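A.B. asks: Below you'll find target-v8.csv; it's CSV, C-alpha atoms.
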```csv
chain,number,residue,atom,x,y,z
C,1031,VAL,CA,-69.0,-30.8,-6.2
C,1032,LEU,CA,-67.8,-27.2,-6.4
C,1033,MET,CA,-68.0,-25.7,-9.9
C,1034,ALA,CA,-67.6,-22.3,-11.4
C,1035,GLU,CA,-70.8,-20.3,-11.7
C,1036,LYS,CA,-72.5,-20.7,-15.0
C,1037,PRO,CA,-74.2,-17.9,-17.0
C,1038,LYS,CA,-78.0,-17.7,-16.4
C,1039,LEU,CA,-81.0,-15.8,-17.6
C,1040,VAL,CA,-80.8,-12.3,-16.1
C,1041,PRO,CA,-84.0,-10.3,-15.4
C,1042,PHE,CA,-84.5,-6.9,-17.1
C,1043,GLN,CA,-87.2,-4.3,-17.8
C,1044,VAL,CA,-88.1,-2.0,-20.7
C,1045,ARG,CA,-86.6,1.4,-19.8
C,1046,ALA,CA,-87.8,3.3,-22.9
C,1047,VAL,CA,-89.0,2.8,-26.4
C,1048,SER,CA,-89.2,5.1,-29.5
C,1049,ARG,CA,-92.8,4.0,-30.3
C,1050,GLU,CA,-95.3,1.3,-29.6
C,1051,SER,CA,-98.8,0.6,-31.0
C,1052,ILE,CA,-102.0,-0.3,-29.3
C,1053,GLY,CA,-102.1,-4.0,-28.4
C,1054,TYR,CA,-98.3,-4.3,-29.2
C,1055,LYS,CA,-96.7,-2.8,-26.1
C,1056,ALA,CA,-93.0,-2.8,-25.5
C,1057,THR,CA,-93.4,-4.9,-22.4
C,1058,HIS,CA,-94.4,-7.9,-24.6
C,1059,VAL,CA,-90.6,-8.5,-25.2
C,1060,LEU,CA,-90.5,-9.7,-21.6
C,1061,ASP,CA,-93.1,-12.5,-22.1
C,1062,ALA,CA,-91.1,-15.2,-24.0
C,1063,ASP,CA,-94.3,-15.7,-25.9
C,1064,THR,CA,-94.5,-15.8,-29.7
C,1065,LYS,CA,-98.2,-15.1,-29.5
C,1066,THR,CA,-97.5,-11.5,-28.4
C,1067,SER,CA,-95.0,-8.9,-29.7
C,1068,TRP,CA,-93.8,-5.3,-29.5
C,1069,SER,CA,-94.5,-3.4,-32.6
C,1070,SER,CA,-94.1,0.2,-33.6
C,1071,ASN,CA,-96.5,-0.3,-36.6
C,1072,THR,CA,-93.8,1.6,-38.6
C,1073,THR,CA,-91.2,0.4,-41.1
C,1074,THR,CA,-88.0,2.4,-40.2
C,1075,LYS,CA,-85.8,3.7,-37.5
C,1076,GLU,CA,-87.3,2.6,-34.1
C,1077,TRP,CA,-85.5,1.4,-31.0
C,1078,ILE,CA,-86.2,-0.2,-27.6
C,1079,LEU,CA,-84.0,0.2,-24.5
C,1080,LEU,CA,-83.7,-2.6,-22.0
C,1081,GLU,CA,-82.4,-2.2,-18.4
C,1082,LEU,CA,-81.0,-5.2,-16.5
C,1083,ASP,CA,-82.0,-5.4,-12.8
C,1084,GLU,CA,-78.3,-5.4,-12.0
C,1085,THR,CA,-75.0,-5.1,-13.9
C,1086,CYS,CA,-73.7,-8.3,-15.4
C,1087,LEU,CA,-71.2,-9.9,-17.8
C,1088,LEU,CA,-73.4,-10.5,-20.8
C,1089,THR,CA,-72.8,-13.8,-22.6
C,1090,GLN,CA,-75.9,-14.3,-24.8
C,1091,LEU,CA,-78.7,-12.2,-26.4
C,1092,ARG,CA,-81.6,-14.2,-27.8
C,1093,VAL,CA,-84.2,-12.5,-29.9
C,1094,SER,CA,-87.4,-14.0,-31.3
C,1095,ASN,CA,-88.0,-11.8,-34.3
C,1096,LYS,CA,-91.3,-11.2,-35.9
C,1097,SER,CA,-90.7,-8.9,-38.8
C,1098,VAL,CA,-87.6,-6.8,-38.3
C,1099,THR,CA,-85.4,-6.9,-41.5
C,1100,GLU,CA,-82.4,-5.0,-40.3
C,1101,TRP,CA,-81.1,-4.2,-36.8
C,1102,GLU,CA,-78.1,-3.6,-34.5
C,1103,PHE,CA,-77.4,-3.9,-30.8
C,1104,THR,CA,-75.5,-1.7,-28.4
C,1105,VAL,CA,-74.7,-2.1,-24.8
C,1106,ALA,CA,-73.6,0.2,-21.9
C,1107,LEU,CA,-73.1,0.3,-18.1
C,1108,LYS,CA,-74.5,3.9,-18.0
C,1109,ASN,CA,-77.5,5.2,-19.8
C,1110,LYS,CA,-75.6,8.0,-21.6
C,1111,PRO,CA,-75.3,8.3,-25.4
C,1112,GLU,CA,-71.5,8.3,-25.3
C,1113,SER,CA,-71.4,5.2,-23.1
C,1114,PHE,CA,-73.0,2.8,-25.6
C,1115,VAL,CA,-70.7,0.5,-27.6
C,1116,ARG,CA,-71.8,-1.6,-30.6
C,1117,LEU,CA,-72.5,-5.2,-29.6
C,1118,GLN,CA,-73.7,-6.4,-32.9
C,1119,GLN,CA,-73.1,-4.7,-36.3
C,1120,LYS,CA,-76.0,-3.6,-38.4
C,1121,CYS,CA,-77.2,-6.8,-40.2
C,1122,GLU,CA,-80.2,-8.6,-41.6
C,1123,PRO,CA,-81.6,-11.3,-39.3
C,1124,PRO,CA,-81.1,-14.6,-41.2
C,1125,LYS,CA,-84.0,-16.3,-39.3
C,1126,ARG,CA,-86.7,-15.7,-36.8
C,1127,GLU,CA,-85.0,-17.3,-33.7
C,1128,LEU,CA,-81.5,-15.9,-33.1
C,1129,THR,CA,-79.0,-16.2,-30.3
C,1130,TYR,CA,-75.9,-14.0,-30.3
C,1131,SER,CA,-73.0,-15.0,-28.1
C,1132,TYR,CA,-70.6,-12.7,-26.4
C,1133,ALA,CA,-67.4,-12.9,-24.3
C,1134,PHE,CA,-68.6,-11.6,-20.9
C,1135,VAL,CA,-69.4,-8.0,-22.0
C,1136,PRO,CA,-70.2,-5.7,-19.0
C,1137,ALA,CA,-73.8,-4.5,-19.4
C,1138,ARG,CA,-76.6,-2.7,-17.6
C,1139,PHE,CA,-78.4,-1.4,-20.7
C,1140,VAL,CA,-79.0,-3.1,-24.0
C,1141,LYS,CA,-80.4,-1.0,-26.9
C,1142,ILE,CA,-81.9,-2.6,-30.0
C,1143,PHE,CA,-82.0,-0.4,-33.0
C,1144,CYS,CA,-84.5,-1.6,-35.6
C,1145,HIS,CA,-83.6,0.1,-38.9
C,1146,ARG,CA,-86.1,-1.6,-41.1
C,1147,GLY,CA,-89.1,-3.9,-40.7
C,1148,ASN,CA,-92.4,-5.0,-42.3
C,1149,PRO,CA,-93.4,-3.6,-39.8
C,1150,ILE,CA,-90.9,-3.4,-37.0
C,1151,ALA,CA,-91.9,-6.0,-34.5
C,1152,ILE,CA,-90.2,-8.4,-32.0
C,1153,HIS,CA,-91.8,-11.2,-30.1
C,1154,PHE,CA,-89.4,-11.4,-27.1
C,1155,VAL,CA,-85.8,-10.9,-25.9
C,1156,GLN,CA,-83.8,-13.0,-23.4
C,1157,LEU,CA,-80.5,-12.0,-21.9
C,1158,THR,CA,-78.0,-14.4,-20.3
C,1159,GLY,CA,-75.0,-13.5,-18.2
C,1160,ILE,CA,-73.2,-13.5,-14.8
C,1161,PRO,CA,-74.5,-10.9,-12.4
C,1162,ILE,CA,-71.8,-8.6,-11.0
C,1163,PRO,CA,-73.7,-6.0,-8.9
C,1164,GLY,CA,-72.2,-2.6,-8.7
C,1165,LEU,CA,-69.9,-2.8,-11.7
C,1166,THR,CA,-68.9,0.6,-13.1
C,1167,PRO,CA,-67.1,1.8,-16.2
C,1168,GLN,CA,-64.1,2.8,-14.1
C,1169,LEU,CA,-63.5,-0.9,-13.2
C,1170,GLN,CA,-63.3,-2.0,-16.9
C,1171,PRO,CA,-59.6,-2.7,-16.7
C,1172,VAL,CA,-60.3,-5.2,-13.8
C,1173,VAL,CA,-63.0,-6.8,-15.9
C,1174,ASP,CA,-60.6,-7.1,-18.9
C,1175,TYR,CA,-58.1,-8.8,-16.6
C,1176,PHE,CA,-60.6,-11.4,-15.3
C,1177,GLN,CA,-62.5,-12.1,-18.5
C,1178,PRO,CA,-60.1,-14.9,-19.9
C,1179,GLN,CA,-59.9,-16.4,-16.4
C,1180,ILE,CA,-63.7,-16.6,-16.1
C,1181,SER,CA,-63.9,-18.2,-19.5
C,1182,THR,CA,-61.4,-20.8,-18.6
C,1183,ALA,CA,-63.0,-21.5,-15.2
C,1184,ILE,CA,-66.4,-22.1,-16.7
C,1185,ARG,CA,-64.9,-24.6,-19.2
C,1186,GLU,CA,-62.9,-26.5,-16.6
C,1187,ASP,CA,-63.8,-29.9,-15.3
C,1188,ALA,CA,-65.3,-29.7,-11.8
C,1189,ARG,CA,-62.3,-31.8,-10.6
C,1190,HIS,CA,-59.9,-29.0,-11.5
C,1191,PHE,CA,-62.0,-26.1,-10.1
C,1192,ASP,CA,-60.3,-24.3,-7.2
C,1193,PRO,CA,-62.8,-22.2,-5.3
C,1194,HIS,CA,-59.9,-20.2,-3.8
C,1195,ARG,CA,-58.9,-19.0,-7.3
C,1196,ASP,CA,-62.5,-18.4,-8.5
C,1197,PRO,CA,-62.2,-15.4,-10.8
C,1198,ILE,CA,-65.9,-14.6,-10.6
C,1199,ALA,CA,-65.8,-14.4,-6.7
C,1200,ASN,CA,-62.6,-12.3,-6.8
C,1201,LEU,CA,-64.1,-9.9,-9.4
C,1202,ARG,CA,-67.3,-9.6,-7.3
C,1203,ALA,CA,-65.3,-8.9,-4.2
C,1204,ILE,CA,-63.3,-6.1,-5.8
C,1205,VAL,CA,-66.4,-4.5,-7.3
C,1206,GLN,CA,-68.4,-4.7,-4.1
C,1207,ARG,CA,-65.7,-3.1,-2.1
C,1208,LEU,CA,-64.3,-0.5,-4.6
C,1209,GLY,CA,-67.6,0.3,-6.5
C,1210,PRO,CA,-68.9,2.8,-3.9
C,1211,VAL,CA,-65.6,4.7,-3.7
C,1212,VAL,CA,-64.3,4.3,-7.2
C,1213,GLU,CA,-64.8,7.9,-8.0
C,1214,HIS,CA,-62.1,8.7,-5.5
C,1215,LEU,CA,-59.7,6.4,-7.2
C,1216,LYS,CA,-59.8,7.8,-10.7
C,1217,ALA,CA,-56.1,8.8,-10.8
C,1218,GLU,CA,-55.0,5.5,-9.4
C,1219,MET,CA,-57.1,3.5,-11.8
C,1220,GLN,CA,-55.9,5.5,-14.8
C,1221,SER,CA,-52.3,4.9,-13.7
C,1222,LEU,CA,-52.7,1.1,-13.7
C,1223,GLU,CA,-51.1,0.3,-17.1
C,1224,SER,CA,-51.3,-3.4,-16.3
C,1225,VAL,CA,-53.9,-4.8,-13.9
C,1226,ALA,CA,-52.0,-8.0,-13.8
C,1227,ALA,CA,-48.9,-6.1,-12.5
C,1228,ASN,CA,-50.9,-4.1,-10.1
C,1229,LEU,CA,-53.4,-6.6,-8.8
C,1230,ASP,CA,-51.8,-6.4,-5.3
C,1231,PHE,CA,-52.9,-2.8,-5.1
C,1232,LEU,CA,-56.5,-3.6,-5.9
C,1233,VAL,CA,-56.5,-6.6,-3.6
C,1234,GLN,CA,-55.1,-4.6,-0.7
C,1235,LEU,CA,-57.6,-1.8,-1.3
C,1236,SER,CA,-60.5,-4.3,-1.4
C,1237,GLY,CA,-59.2,-6.3,1.6
C,1238,ARG,CA,-57.0,-5.3,4.5
C,1239,LEU,CA,-56.7,-1.6,3.5
C,1240,PHE,CA,-60.5,-1.1,2.9
C,1241,PRO,CA,-61.2,0.3,6.4
C,1242,VAL,CA,-58.4,2.8,5.9
C,1243,LEU,CA,-59.7,3.7,2.4
C,1244,SER,CA,-63.2,4.2,3.8
C,1245,LEU,CA,-61.9,6.6,6.4
C,1246,VAL,CA,-59.9,8.6,3.8
C,1247,VAL,CA,-63.1,8.8,1.6
C,1248,ASP,CA,-65.0,9.8,4.7
C,1249,THR,CA,-62.9,12.9,5.2
C,1250,THR,CA,-63.4,14.0,1.6
C,1251,ARG,CA,-67.2,13.9,1.6
C,1252,PRO,CA,-69.1,17.0,2.7
C,1253,ALA,CA,-71.4,16.6,5.6
C,1254,GLU,CA,-75.1,16.3,4.7
C,1255,SER,CA,-77.5,18.8,6.2
C,1256,GLY,CA,-78.6,17.7,9.6
C,1257,ASP,CA,-75.6,15.5,10.1
C,1258,ALA,CA,-73.1,16.3,12.8
C,1259,GLU,CA,-70.4,14.4,10.9
C,1260,PRO,CA,-69.9,13.3,7.2
C,1261,LYS,CA,-71.2,9.8,6.5
C,1262,GLY,CA,-68.6,7.3,5.4
C,1263,VAL,CA,-68.8,4.2,3.4
C,1264,GLN,CA,-70.8,1.4,5.1
C,1265,ILE,CA,-68.8,-1.8,5.3
C,1266,SER,CA,-71.1,-4.8,5.2
C,1267,SER,CA,-70.2,-7.8,7.2
C,1268,ASN,CA,-71.6,-9.9,4.4
C,1269,PHE,CA,-68.9,-8.9,2.0
C,1270,ALA,CA,-66.4,-11.6,1.3
C,1271,VAL,CA,-62.9,-10.7,2.4
C,1272,LEU,CA,-60.6,-10.7,-0.5
C,1273,PRO,CA,-57.6,-13.0,-0.1
C,1274,THR,CA,-54.1,-11.4,-0.3
C,1275,ARG,CA,-51.4,-12.4,-2.8
C,1276,LYS,CA,-48.8,-14.9,-1.8
C,1277,SER,CA,-45.1,-14.2,-1.7
C,1278,LYS,CA,-43.3,-14.0,-5.0
C,1279,ALA,CA,-42.0,-17.5,-4.6
C,1280,GLU,CA,-45.6,-18.8,-4.1
C,1281,SER,CA,-47.3,-16.4,-6.5
C,1282,GLU,CA,-47.8,-19.0,-9.3
C,1283,SER,CA,-50.4,-20.8,-7.2
C,1284,GLY,CA,-52.7,-17.7,-7.3
C,1285,PHE,CA,-54.7,-16.4,-4.4
C,1286,GLN,CA,-54.7,-17.9,-0.9
C,1287,ALA,CA,-57.8,-18.4,1.2
```
Can you present the structure in this file as structure tokens?

C.D. replies:
Amino acid sequence: VLMAEKPKLVPFQVRAVSRESIGYKATHVLDADTKTSWSSNTTTKEWILLELDETCLLTQLRVSNKSVTEWEFTVALKNKPESFVRLQQKCEPPKRELTYSYAFVPARFVKIFCHRGNPIAIHFVQLTGIPIPGLTPQLQPVVDYFQPQISTAIREDARHFDPHRDPIANLRAIVQRLGPVVEHLKAEMQSLESVAANLDFLVQLSGRLFPVLSLVVDTTRPAESGDAEPKGVQISSNFAVLPTRKSKAESESGFQA
């Protein structure tokens, strides 16, 4: 039985940490073991930065807290200070084991700010989401459009699931095709006041017009040293070909295979 893809645990690494003490390394947050922990051995203003193996739509953040008494979480697709947005307001953890749920938030980096602790220490962290490799901030309007559809598809009974209208597959296809060349589409993306009204444009760029787009981008890239000609965007034969929109009379049925 075909069903919409469900959120799952996503792998990540520790990218950076403000401080760690001997025997309480930051990498202990990866262990899912309450017998170990990361600790700064301090009581105020520490942080740990986690990097997912690939970009995803984050749905849950689970923390096994040891002795942090006030924290907040931020998330970003790029590891730049201005890119991070608040995922969880500053608050006091009400209990040791906590799971925060989110509505498919685009993420590559998760930063946990520990404002106070006795001392600051965390046993482990687990992240759950739907992998969307190659997702970039420029494609946020597309994510916003698909978010409610993804939520609905995951809740639907398997009998009602239509794989030809799978919003996760459609989002992945757009990201895979447009991600490598999205820098060349800044003006077009900014002009899309409504993704719903301009989805044909994105579908065509990702599908039948993608070879043309790659050639256009090819001509705008400077040749690398030692290359006779500039390198273009490599089109993988493994990429799913996005379906095109039906005629206006048929549009209510969604995408066609």

A.B. asks: Which of these, C:Leu1169, C:Ala1151, C:Ala1062, C:Ile1184, has the shortest distance to Arg1207 (chain C) once you count only C-alpha atoms?

C.D. replies: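 Looking only at the distances to Arg1207 (chain C), the closest residue turns out to be C:Leu1169.
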
A.B. asks: Can you tell me which residues surround region 1124-1132 of chain C at a distance of at most 8 Å, considering all atoms listed in the file, apart from same-chain residues fewer than 5 positions away, and format the answer as a PyMOL selection string?

C.D. replies: chain C and resi 1088-1096

A.B. asks: Any chance you can output those residues with C-alpha atoms as a compact mmCIF listing (two decimals), in the frame of the given file?

C.D. replies:
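Printed below is result-v8.txt as written:
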```
# COMPACT_ATOMS: atom_id res chain seq x y z
CA LEU C 1088 -73.40 -10.50 -20.80
CA THR C 1089 -72.80 -13.80 -22.60
CA GLN C 1090 -75.90 -14.30 -24.80
CA LEU C 1091 -78.70 -12.20 -26.40
CA ARG C 1092 -81.60 -14.20 -27.80
CA VAL C 1093 -84.20 -12.50 -29.90
CA SER C 1094 -87.40 -14.00 -31.30
CA ASN C 1095 -88.00 -11.80 -34.30
CA LYS C 1096 -91.30 -11.20 -35.90
```

A.B. asks: Just checking: using all atoms listed in the file, which residue out of C:Pro1171, C:Pro1178, C:Pro1037, C:Pro1161 ends up closest to Arg1202 (chain C)?

C.D. replies: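 Of all the options, C:Pro1161 lies closest to Arg1202 (chain C).
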
A.B. asks: For the atom pair CA of Val1115 (chain C) and CA of Val1140 (chain C), what is the interatomic distance in Å to one decimal place?

C.D. replies: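 Answer for the CA of Val1115 (chain C) to CA of Val1140 (chain C) separation: 9.7 Å.
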
A.B. asks: With 10 Å as the threshold, what does the neighbourhood of (-80.7, 5.2, -25.3) contain in terms of residues, counting only C-alpha atoms? Coordinates are those of the file; answer as a VMD selection string.

C.D. replies: chain C and resid 1045 to 1048 1077 to 1080 1104 to 1106 1108 to 1114 1139 to 1143

A.B. asks: For a quick check of understanding, using only C-alpha atoms, which of C:Arg1049, C:Lys1036, C:Lys1120, C:Arg1138 has the smallest distance to Glu1081 (chain C)?

C.D. replies: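 Of C:Arg1049, C:Lys1036, C:Lys1120, C:Arg1138, the one nearest Glu1081 (chain C), counting only C-alpha atoms, is C:Arg1138.
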
A.B. asks: Between C:Lys1075, C:Lys1065, C:Lys1038, C:His1058, which is the closest to Pro1149 (chain C) once you count only C-alpha atoms?

C.D. replies: C:Lys1075

A.B. asks: Please return, as a VMD selection string, all polymer residues that have at least one atom within 9 Å of the point (-89.9, -9.1, -30.7); use all atoms listed in the file and the file's own coordinate frame.

C.D. replies: chain C and resid 1056 1058 to 1059 1064 1066 to 1069 1093 to 1098 1150 to 1155

A.B. asks: Just the number, please: distance in Å from CA of Phe1103 (chain C) to CA of Phe1176 (chain C), one decimal.

C.D. replies: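 We find that CA of Phe1103 (chain C) and CA of Phe1176 (chain C) lie 24.1 Å from each other.
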
A.B. asks: By how many Å are CA of Tyr1054 (chain C) and CA of Gln1118 (chain C) apart?

C.D. replies: 25.0 Å

A.B. asks: Kindly indicate which residue among C:Cys1144, C:Ala1133, C:Ala1203, C:Leu1208 lies nearest to Gln1168 (chain C), using all atoms listed in the file for the distances.

C.D. replies: C:Leu1208

A.B. asks: Counting only C-alpha atoms, which residue out of C:Ile1198, C:Leu1087, C:Val1040, C:Cys1121 sits closest to Glu1102 (chain C)?

C.D. replies: C:Cys1121
